[in-house]
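Okay, so here's the structure we're looking at.
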Amino acid sequence: MSQALESLLDLLDLERIEQDIFRGQSRSAVVPRVFGGQVAAQALVAAGRTVPEDRLAHSLHAYFLRAGDPGAPIVYTVDRIRDGRSFTTRRVVAVQHGQPIFHLSASFQTYEEGMDHQAAMPPAPDPETLPTAAEMLPRYADVFREPGVVERLLEAREAVDLRYVDAPPFGSVGEAREPRSQVWFRTNGKLGGAIDEPLLHVCLATYVSDMTLLDSVLLAHGRGGWAIGDVVGASLDHAMWFHRPFRADEWLLYDQESPSASGGRGLGQARIYTQDGRLAISVIQEGVVRIPR
């Protein structure tokens, strides 16, 4: 296991400060605010720690309310909304400096048999044939306005092996493309021992899901993104449905597209597949996407 992955796991290992109240820390991000995937993953950890182990997360719905301060701890308060025979519902509010910055509703379910069908996995190249971030990002150093962006991107994604199938938005600035994007991802190291539980894999996938989902919005307009500076924006809301078991330390295909952008907002939707073709997760996110004046 890499040191970066150990650091990420420490970040997700929240401190319990009272019953149903937890405290988490933050790590540096490419932009000067708390990374949205981090707060979503930490909130899901908080919710999961109040739920019986035999109930697995099957969905989450979240809103990003305010930009988080990466220099301050985040307090997560869990409300036990419902404990039913099959389903458990939790609501989590994340607070900094006395104000809510994020809230999440999550639902958990005991395993049961039922009808089973899924959308087919789209074609994608073998992830092992694609360049790593360390191989790919330095190629685009000249397109970033500020020095050190490549280093910050590499540091922010060091715990995750994330590989683009095609050029990222900052690799085709000025060239409008089909609003579709694919990346393969897995943790940068294997998970095992006492920490190797389904909730952790779900929380790690939640963390990664906020990294590239709005890329397809940018591709449709030939924009390079936040690191380029030709758009400004932030996540507004985020929803995920967990369909089938998966491991975050094995390759997952993140197949993303944008059906719409209007009113200063862009919508991204995606499906995440295991390497053997099982549909594991569905994701939808809307974000503010504005052209700087």
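As shown in the structure tokens, the chain order sets the letters A, B, ...; within each chain, residues go from 1, and ligands are also counted from 1 in the order they appear.
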What's around Asp230 in chain A at 10 Å? Count only C-alpha atoms, leave out sequence neighbours fewer than 5 positions away in its own chain, and write the answer as a tab-separated table (two decimals) with all heavy atoms, in the first residue's frame.
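What ended up in part.tsv:
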```tsv
chain	number	residue	atom	x	y	z
A	170	PHE	N	-8.10	19.58	-20.37
A	170	PHE	CA	-6.99	20.50	-20.52
A	170	PHE	C	-6.01	20.06	-21.61
A	170	PHE	O	-5.07	20.77	-21.93
A	170	PHE	CB	-6.24	20.70	-19.19
A	170	PHE	CG	-5.89	19.44	-18.46
A	170	PHE	CD1	-4.80	18.67	-18.83
A	170	PHE	CD2	-6.66	19.02	-17.38
A	170	PHE	CE1	-4.47	17.50	-18.17
A	170	PHE	CE2	-6.34	17.85	-16.69
A	170	PHE	CZ	-5.24	17.09	-17.09
A	173	VAL	N	-7.85	22.02	-25.28
A	173	VAL	CA	-8.45	23.35	-25.11
A	173	VAL	C	-8.74	23.97	-26.47
A	173	VAL	O	-7.90	23.94	-27.38
A	173	VAL	CB	-7.52	24.26	-24.29
A	173	VAL	CG1	-8.13	25.65	-24.14
A	173	VAL	CG2	-7.25	23.66	-22.92
A	218	LEU	N	-17.15	20.17	-19.92
A	218	LEU	CA	-16.08	21.00	-20.46
A	218	LEU	C	-15.74	20.59	-21.88
A	218	LEU	O	-15.49	21.45	-22.74
A	218	LEU	CB	-14.85	20.89	-19.57
A	218	LEU	CG	-15.04	21.20	-18.08
A	218	LEU	CD1	-13.73	20.98	-17.33
A	218	LEU	CD2	-15.54	22.61	-17.87
A	222	GLY	N	-15.02	22.85	-25.42
A	222	GLY	CA	-13.61	23.09	-25.65
A	222	GLY	C	-12.93	23.84	-24.52
A	222	GLY	O	-11.94	24.55	-24.74
A	223	ARG	N	-13.43	23.66	-23.32
A	223	ARG	CA	-12.85	24.34	-22.16
A	223	ARG	C	-11.91	23.39	-21.41
A	223	ARG	O	-12.15	22.19	-21.32
A	223	ARG	CB	-13.96	24.81	-21.21
A	223	ARG	CG	-14.88	25.84	-21.84
A	223	ARG	CD	-14.23	27.20	-21.86
A	223	ARG	NE	-14.93	28.14	-22.75
A	223	ARG	CZ	-14.68	29.45	-22.76
A	223	ARG	NH1	-13.77	29.96	-21.96
A	223	ARG	NH2	-15.33	30.23	-23.60
A	224	GLY	N	-10.86	23.97	-20.85
A	224	GLY	CA	-9.84	23.15	-20.21
A	224	GLY	C	-10.09	22.84	-18.75
A	224	GLY	O	-9.59	21.85	-18.22
A	225	GLY	N	-10.86	23.70	-18.07
A	225	GLY	CA	-11.20	23.39	-16.68
A	225	GLY	C	-10.61	24.34	-15.67
A	225	GLY	O	-9.99	25.35	-16.00
A	290	ARG	N	-19.16	28.25	-15.09
A	290	ARG	CA	-19.27	29.62	-15.63
A	290	ARG	C	-18.01	30.00	-16.38
A	290	ARG	O	-16.91	29.59	-16.00
A	290	ARG	CB	-19.51	30.62	-14.52
A	290	ARG	CG	-20.84	30.45	-13.78
A	290	ARG	CD	-21.02	31.54	-12.75
A	290	ARG	NE	-22.32	31.44	-12.08
A	290	ARG	CZ	-22.46	31.44	-10.75
A	290	ARG	NH1	-21.40	31.56	-9.96
A	290	ARG	NH2	-23.66	31.34	-10.22
A	291	ILE	N	-18.18	30.80	-17.42
A	291	ILE	CA	-17.04	31.36	-18.13
A	291	ILE	C	-16.64	32.65	-17.44
A	291	ILE	O	-17.47	33.52	-17.22
A	291	ILE	CB	-17.41	31.63	-19.60
A	291	ILE	CG1	-17.80	30.31	-20.29
A	291	ILE	CG2	-16.25	32.30	-20.33
A	291	ILE	CD1	-18.34	30.49	-21.68
A	292	PRO	N	-15.37	32.79	-17.06
A	292	PRO	CA	-14.95	34.00	-16.32
A	292	PRO	C	-15.18	35.25	-17.17
A	292	PRO	O	-15.03	35.25	-18.38
A	292	PRO	CB	-13.45	33.78	-16.10
A	292	PRO	CG	-13.24	32.31	-16.26
A	292	PRO	CD	-14.25	31.86	-17.24
A	293	ARG	N	-15.55	36.32	-16.50
A	293	ARG	CA	-15.76	37.60	-17.21
A	293	ARG	C	-14.44	38.30	-17.38
A	293	ARG	O	-13.58	38.24	-16.54
A	293	ARG	CB	-16.72	38.48	-16.42
A	293	ARG	CG	-18.12	37.89	-16.32
A	293	ARG	CD	-19.06	38.81	-15.57
A	293	ARG	NE	-20.41	38.23	-15.51
A	293	ARG	CZ	-21.44	38.84	-14.88
A	293	ARG	NH1	-21.25	40.00	-14.26
A	293	ARG	NH2	-22.63	38.27	-14.88
```
Check your understanding: Within 7 Å of Ala67 in chain A, counting only C-alpha atoms, which residues qualify if same-chain residues fewer than 6 places away don't, as an NGL selection string?
Key -> :A and (33-34 or 101)
Residues from the last selection, N, CA, C and O atoms, saved as a PDB file, in the first residue's frame:
```
ATOM      1  N   ARG A  33      -9.950  25.059  -1.628  1.00  0.00           N
ATOM      2  CA  ARG A  33     -11.118  24.693  -0.833  1.00  0.00           C
ATOM      3  C   ARG A  33     -11.104  23.194  -0.641  1.00  0.00           C
ATOM      4  O   ARG A  33     -10.358  22.483  -1.301  1.00  0.00           O
ATOM      5  N   VAL A  34     -11.936  22.713   0.255  1.00  0.00           N
ATOM      6  CA  VAL A  34     -12.002  21.272   0.506  1.00  0.00           C
ATOM      7  C   VAL A  34     -12.541  20.573  -0.738  1.00  0.00           C
ATOM      8  O   VAL A  34     -13.539  21.001  -1.333  1.00  0.00           O
ATOM      9  N   ILE A 101     -21.773  23.208   5.605  1.00  0.00           N
ATOM     10  CA  ILE A 101     -21.154  23.313   4.287  1.00  0.00           C
ATOM     11  C   ILE A 101     -21.638  22.216   3.345  1.00  0.00           C
ATOM     12  O   ILE A 101     -21.436  22.312   2.132  1.00  0.00           O
TER      13      ILE A 101
END
```
Check your understanding: Got a sec: who's within 7 Å of range 132-138 of chain A, counting only C-alpha atoms, leaving out chain neighbours fewer than 4 positions off, as a ChimeraX atom specification?
Key -> /A:150,154,161-163
Review point. What is the distance, in Å and to one decimal place, between CA of Glu128 in chain A and CA of Cys203 in chain A?
Key: 24.2 Å
Would you pick out the contacts of Val202 in chain A at 8 Å or less, using only C-alpha atoms, so that residues sharing its chain but fewer than 4 positions from it are not included, and give the list as an mmCIF file with C-alpha atoms, in the first residue's frame?
```
data_model
loop_
_atom_site.group_PDB
_atom_site.id
_atom_site.type_symbol
_atom_site.label_atom_id
_atom_site.label_comp_id
_atom_site.auth_asym_id
_atom_site.auth_seq_id
_atom_site.Cartn_x
_atom_site.Cartn_y
_atom_site.Cartn_z
ATOM 1 C CA ALA A 57 -24.976 1.491 1.386
ATOM 2 C CA PRO A 198 -17.589 -3.009 1.935
ATOM 3 C CA THR A 206 -17.461 8.193 -3.614
ATOM 4 C CA PHE A 242 -24.567 1.289 -5.526
ATOM 5 C CA ALA A 248 -12.016 0.057 -5.102
#
```
Exercise for review: Would you return as a PyMOL selection string the members of range 55-288 of chain A that DSSP assigns to alpha helix (DSSP H) on this structure's backbone?
Suggested key: chain A and resi 133-136+149-156+198-212+215-219
